[in-house]
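Shown here: protein33.txt, compact mmCIF, C-alpha atoms.
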```txt
# COMPACT_ATOMS: atom_id res chain seq x y z
CA MET A 1 112.45 75.78 96.67
CA LEU A 2 109.54 73.58 97.70
CA ARG A 3 111.91 71.56 99.83
CA ARG A 4 113.05 74.71 101.65
CA LEU A 5 109.45 75.76 102.20
CA LEU A 6 108.54 72.39 103.71
CA ILE A 7 111.62 72.41 105.94
CA GLY A 8 110.73 75.90 107.14
CA LEU A 9 107.11 75.00 107.81
CA VAL A 10 108.08 71.90 109.80
CA LEU A 11 110.85 73.67 111.71
CA GLY A 12 108.56 76.58 112.55
CA ALA A 13 105.76 74.25 113.63
CA ILE A 14 108.20 72.47 115.95
CA VAL A 15 109.40 75.74 117.50
CA GLY A 16 105.81 76.96 117.88
CA GLY A 17 104.73 73.62 119.32
CA LEU A 18 107.50 73.75 121.91
CA ALA A 19 106.55 77.31 122.85
CA ALA A 20 102.89 76.31 123.14
CA ALA A 21 103.81 73.25 125.20
CA ALA A 22 105.83 75.43 127.57
CA LEU A 23 102.88 77.77 127.93
CA VAL A 24 100.17 75.12 128.29
CA ALA A 25 102.00 72.42 130.24
CA GLY A 26 104.51 74.59 132.08
CA LEU A 27 102.44 77.64 133.01
CA HIS A 28 99.01 75.96 132.77
CA ILE A 29 97.64 78.63 130.44
CA ALA A 30 95.33 76.76 128.07
CA MET A 31 93.70 79.86 126.57
CA PHE A 32 94.46 83.52 126.10
CA ALA A 33 91.54 84.52 128.30
CA PRO A 34 91.07 87.90 129.99
CA ASP A 35 91.86 86.41 133.41
CA THR A 36 95.26 85.15 132.21
CA GLY A 37 96.39 88.30 130.42
CA GLY A 38 94.36 87.89 127.23
CA ALA A 39 95.59 89.79 124.20
CA VAL A 40 98.75 91.11 125.87
CA LEU A 41 99.92 87.60 126.70
CA ALA A 42 99.00 86.40 123.21
CA TYR A 43 101.11 89.09 121.54
CA LEU A 44 104.04 88.64 123.94
CA THR A 45 104.17 84.88 123.47
CA ALA A 46 103.84 85.32 119.71
CA ALA A 47 106.75 87.77 119.75
CA VAL A 48 108.92 85.38 121.78
CA THR A 49 107.99 82.56 119.39
CA GLY A 50 108.93 84.82 116.47
CA VAL A 51 112.32 85.54 118.03
CA LEU A 52 113.00 81.83 118.54
CA THR A 53 111.89 81.02 115.00
CA GLY A 54 114.12 83.78 113.61
CA LEU A 55 117.11 82.38 115.49
CA VAL A 56 116.58 78.83 114.24
CA ALA A 57 114.91 78.96 110.80
CA GLY A 58 116.74 79.90 107.63
CA LYS A 59 120.41 80.31 108.44
CA PRO A 60 120.56 79.43 112.16
CA ILE A 61 122.48 81.53 114.63
CA TRP A 62 125.12 78.84 115.16
CA ALA A 63 126.08 78.82 111.44
CA SER A 64 129.29 80.49 110.37
CA GLY A 65 128.82 84.23 109.89
CA ALA A 66 125.12 84.21 110.73
CA LYS A 67 125.03 86.23 113.95
CA ILE A 68 123.86 89.50 112.40
CA GLU A 69 121.43 87.83 110.02
CA ALA A 70 119.90 85.76 112.82
CA GLY A 71 119.61 88.85 115.00
CA LEU A 72 117.76 90.72 112.27
CA LYS A 73 115.49 87.74 111.64
CA ALA A 74 114.79 87.51 115.36
CA PHE A 75 113.87 91.20 115.58
CA PHE A 76 111.63 91.17 112.53
CA GLY A 77 110.34 87.74 113.50
CA ALA A 78 108.98 89.25 116.72
CA LEU A 79 107.24 92.03 114.79
CA LEU A 80 105.84 89.70 112.14
CA ALA A 81 104.69 87.16 114.72
CA ALA A 82 102.80 89.83 116.66
CA GLY A 83 101.21 90.95 113.38
CA LEU A 84 100.25 87.39 112.50
CA MET A 85 98.76 86.89 115.96
CA PHE A 86 96.74 90.07 115.46
CA ALA A 87 95.48 88.72 112.13
CA LEU A 88 94.56 85.39 113.72
CA ARG A 89 92.69 87.06 116.57
CA GLN A 90 90.90 89.60 114.38
CA TRP A 91 90.00 87.81 111.16
CA VAL A 92 90.22 84.04 111.67
CA HIS A 93 87.02 82.98 113.41
CA PHE A 94 87.42 79.24 112.96
CA GLN A 95 86.15 77.30 115.99
CA PRO A 96 87.45 73.72 115.92
CA ASP A 97 86.50 71.19 118.59
CA MET A 98 89.44 71.62 120.95
CA ALA A 99 88.27 69.75 124.04
CA PHE A 100 90.98 67.13 123.53
CA LEU A 101 93.71 69.80 123.69
CA MET A 102 92.63 71.14 127.05
CA PRO A 103 91.33 68.36 129.29
CA GLY A 104 91.02 70.45 132.46
CA VAL A 105 89.11 73.38 130.93
CA ASP A 106 85.32 73.75 130.93
CA PRO A 107 83.98 72.31 127.61
CA THR A 108 81.57 75.23 127.09
CA VAL A 109 84.46 77.71 127.20
CA VAL A 110 86.53 75.56 124.87
CA HIS A 111 83.65 75.22 122.42
CA ASP A 112 83.43 79.00 121.94
CA ALA A 113 87.19 79.51 121.55
CA VAL A 114 88.65 80.62 118.22
CA VAL A 115 92.08 79.65 116.94
CA GLY A 116 93.69 82.95 118.01
CA ASN A 117 92.72 82.33 121.64
CA VAL A 118 94.30 78.88 121.92
CA PRO A 119 98.10 78.83 122.21
CA ALA A 120 98.30 75.16 121.19
CA LEU A 121 96.95 76.11 117.75
CA ALA A 122 97.97 79.74 117.28
CA LEU A 123 101.67 79.60 118.17
CA PRO A 124 102.56 76.64 115.88
CA ALA A 125 100.64 78.28 113.02
CA VAL A 126 102.41 81.62 113.46
CA ALA A 127 105.83 79.99 113.80
CA ALA A 128 105.23 77.72 110.78
CA VAL A 129 104.43 80.71 108.57
CA LEU A 130 107.53 82.54 109.80
CA GLY A 131 109.72 79.45 109.43
CA GLY A 132 108.58 78.96 105.84
CA PHE A 133 109.23 82.62 105.09
CA PHE A 134 112.71 82.59 106.63
CA GLU A 135 113.70 79.36 104.85
CA LEU A 136 112.55 80.73 101.49
CA ASP A 137 114.49 83.91 102.20
CA ASN A 138 117.66 81.92 102.83
CA THR A 139 118.40 81.06 99.19
CA GLY A 140 121.92 82.52 99.16
CA GLY A 141 123.71 79.92 101.25
CA ALA A 142 126.42 77.37 100.59
CA ASP A 143 124.29 75.65 97.95
CA ALA A 144 124.19 78.80 95.85
CA ASP A 145 127.95 79.34 96.22
CA GLU A 146 128.65 75.77 95.09
CA ALA A 147 126.33 76.13 92.10
CA LYS A 148 127.96 79.43 91.14
CA GLY A 149 131.42 77.87 91.34
CA GLU A 150 130.40 74.89 89.21
CA ALA A 151 128.81 77.18 86.62
CA SER A 152 131.95 79.28 86.31
CA LYS A 153 134.10 76.15 85.96
CA SER A 154 131.89 74.76 83.22
CA LYS A 155 131.91 78.08 81.35
CA LYS A 156 135.66 78.02 80.84
CA ARG A 157 137.90 75.28 79.62
CA VAL A 158 141.59 75.12 79.31
CA ALA A 159 142.92 73.65 76.11
CA ASP A 160 146.43 72.90 75.06
CA ALA A 161 147.45 73.98 71.58
CA LYS A 162 150.72 72.57 70.34
CA THR A 163 152.67 74.83 68.06
CA ASN A 164 156.30 74.58 67.14
CA GLY A 165 156.84 71.81 69.65
CA LYS A 166 155.85 74.02 72.59
CA SER A 167 152.58 73.74 74.41
CA GLN A 168 150.65 76.91 75.03
CA LYS A 169 147.56 77.18 77.20
CA ARG A 170 144.54 79.18 76.25
CA VAL A 171 141.22 79.85 77.92
CA ALA A 172 138.05 79.78 75.85
CA ASP A 173 134.37 80.12 76.65
CA ASP A 174 132.05 77.27 75.78
CA ASP A 175 129.81 79.73 73.97
CA GLU A 176 132.40 80.50 71.32
CA SER A 177 131.70 78.83 68.00
CA GLU A 178 135.29 78.93 66.83
CA ALA A 179 138.19 78.32 69.14
CA GLU A 180 140.92 80.86 68.83
CA VAL A 181 144.44 79.49 68.99
CA ALA A 182 147.10 81.63 70.55
CA ALA A 183 149.72 82.83 68.12
CA PRO A 184 152.95 80.88 68.28
CA VAL A 185 155.73 82.59 70.15
CA ALA A 186 159.08 82.69 68.41
CA PRO A 187 161.92 81.40 70.53
CA LYS A 188 164.12 84.16 71.92
CA ARG A 189 167.63 84.34 70.72
CA ALA A 190 170.34 84.21 73.24
CA LYS A 191 172.54 87.26 73.57
CA ARG A 192 176.17 86.87 72.73
```
Rewrite the structure of this file - the entire thing - as C-alpha cells.
Amino acid sequence: MLRRLLIGLVLGAIVGGLAAAALVAGLHIAMFAPDTGGAVLAYLTAAVTGVLTGLVAGKPIWASGAKIEAGLKAFFGALLAAGLMFALRQWVHFQPDMAFLMPGVDPTVVHDAVVGNVPALALPAVAAVLGGFFELDNTGGADADEAKGEASKSKKRVADAKTNGKSQKRVADDDESEAEVAAPVAPKRAKR
C-alpha cells in the first residue's frame, strides 16, 4: 500500500511538473497574476492537470478494460484538482523564496507570491495528491486477482484415497480437522 502511494505521488508530481513546464516554459506564464488570467487560468490549468493525472495514474487508460475507469478518473480528477487549487489559493499562505524558479520576473513580485500563485509549485503538488489518491484507489487490479486465485488454490487440496484397488478423488478444505474419505463404490455387475 505504501509502495502504491509512493508510485502515485511520484507519477502525479511528474505529470504536474510537465504541465507546469508547458505553462512556464511554453507559454511564459510564471505566475497566476491578474494580467495573465489569474484565478481562472489557475483553475483551468489545475483541471487539465487533473484530467491528465486521472488518465495516467492508477489503472492507466491504455490498460486492458480501463477506458471507462480512466474516463471517470479524468472527470473527477478535474473537479478534485480545481478544488485542491482553490484550497491552495485560499488557505496555504506559504511564501518560499522562488526567485530561482522564475529568472525573468521581478524579485519583489516573486517574493510576495504564495504557493497557489506559482504554477511550478502548485500544479505538481495538486497532481501528486491526485496521483497518490488514484493509485491507492486502484487496489483491485491484477495483483489482487492473482492473490485471490492463489488463496483459493491453497484452500482446497485434492487427495487420492485408494479403496478396493480403485483410486477415488476427493476435495477437502485445509480447515477440516478430520479428512473425510469417500465411500467405496461397489463395482457394477454386467448385465447378462
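The gap separating atom CA of Gly132 of chain A from atom CA of Leu5 of chain A is 4.9 Å, in Å to one decimal.
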Best match for closeness to Phe94 of chain A among A:Ala74, A:Val115, A:Ala39, A:Ala46, counting only C-alpha atoms: A:Val115
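When atom CA of Phe76 of chain A is paired with atom CA of Asn138 of chain A, their separation reads 14.7 Å.
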Nearest residue to Val40 of chain A from the set A:Ala82, A:Glu135, A:Ala190, A:Val10 (distances using only C-alpha atoms): A:Ala82
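Distance-wise, atom CA of Leu84 of chain A and atom CA of Tyr43 of chain A end up 9.2 Å apart.
Considering only C-alpha atoms, the residue among A:Ala47, A:Met31, A:Val126, A:Leu23 positioned nearest to Ala78 of chain A is A:Ala47.
Comparing the minimum interatomic distances between Met1 of chain A and each of A:Leu55, A:Asp137, A:Arg189, A:Ile68, counting all atoms listed in the file, we find that A:Asp137 sits nearest.
If all atoms listed in the file are the atoms counted, then among A:Met85, A:Ile7, A:Ile29, A:Leu79 the closest residue to Pro124 of chain A is A:Met85.
With all atoms listed in the file as the basis for measurement, A:Ala81 is the residue among A:Val56, A:Ala81, A:Glu69, A:Ala25 that approaches Leu123 of chain A most closely.
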Leaving out Ala22 of chain A and any residue of its chain fewer than 4 positions from it, which residues lie within 12 Å of it when counting only C-alpha atoms, given as a CSV table (one decimal) with C-alpha atoms, in the frame of the given file?
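Output contents, as saved in part13.csv:
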```
chain,number,residue,atom,x,y,z
A,15,VAL,CA,109.4,75.7,117.5
A,16,GLY,CA,105.8,77.0,117.9
A,17,GLY,CA,104.7,73.6,119.3
A,18,LEU,CA,107.5,73.8,121.9
A,26,GLY,CA,104.5,74.6,132.1
A,27,LEU,CA,102.4,77.6,133.0
A,28,HIS,CA,99.0,76.0,132.8
A,29,ILE,CA,97.6,78.6,130.4
A,30,ALA,CA,95.3,76.8,128.1
A,45,THR,CA,104.2,84.9,123.5
A,48,VAL,CA,108.9,85.4,121.8
A,49,THR,CA,108.0,82.6,119.4
A,119,PRO,CA,98.1,78.8,122.2
A,120,ALA,CA,98.3,75.2,121.2
A,123,LEU,CA,101.7,79.6,118.2
```
Contact residues around Val92 of chain A with all atoms listed in the file at 9 Å, ignoring same-chain residues under 5 positions, as an MDAnalysis selection string: chainID A and resid 87 114:116
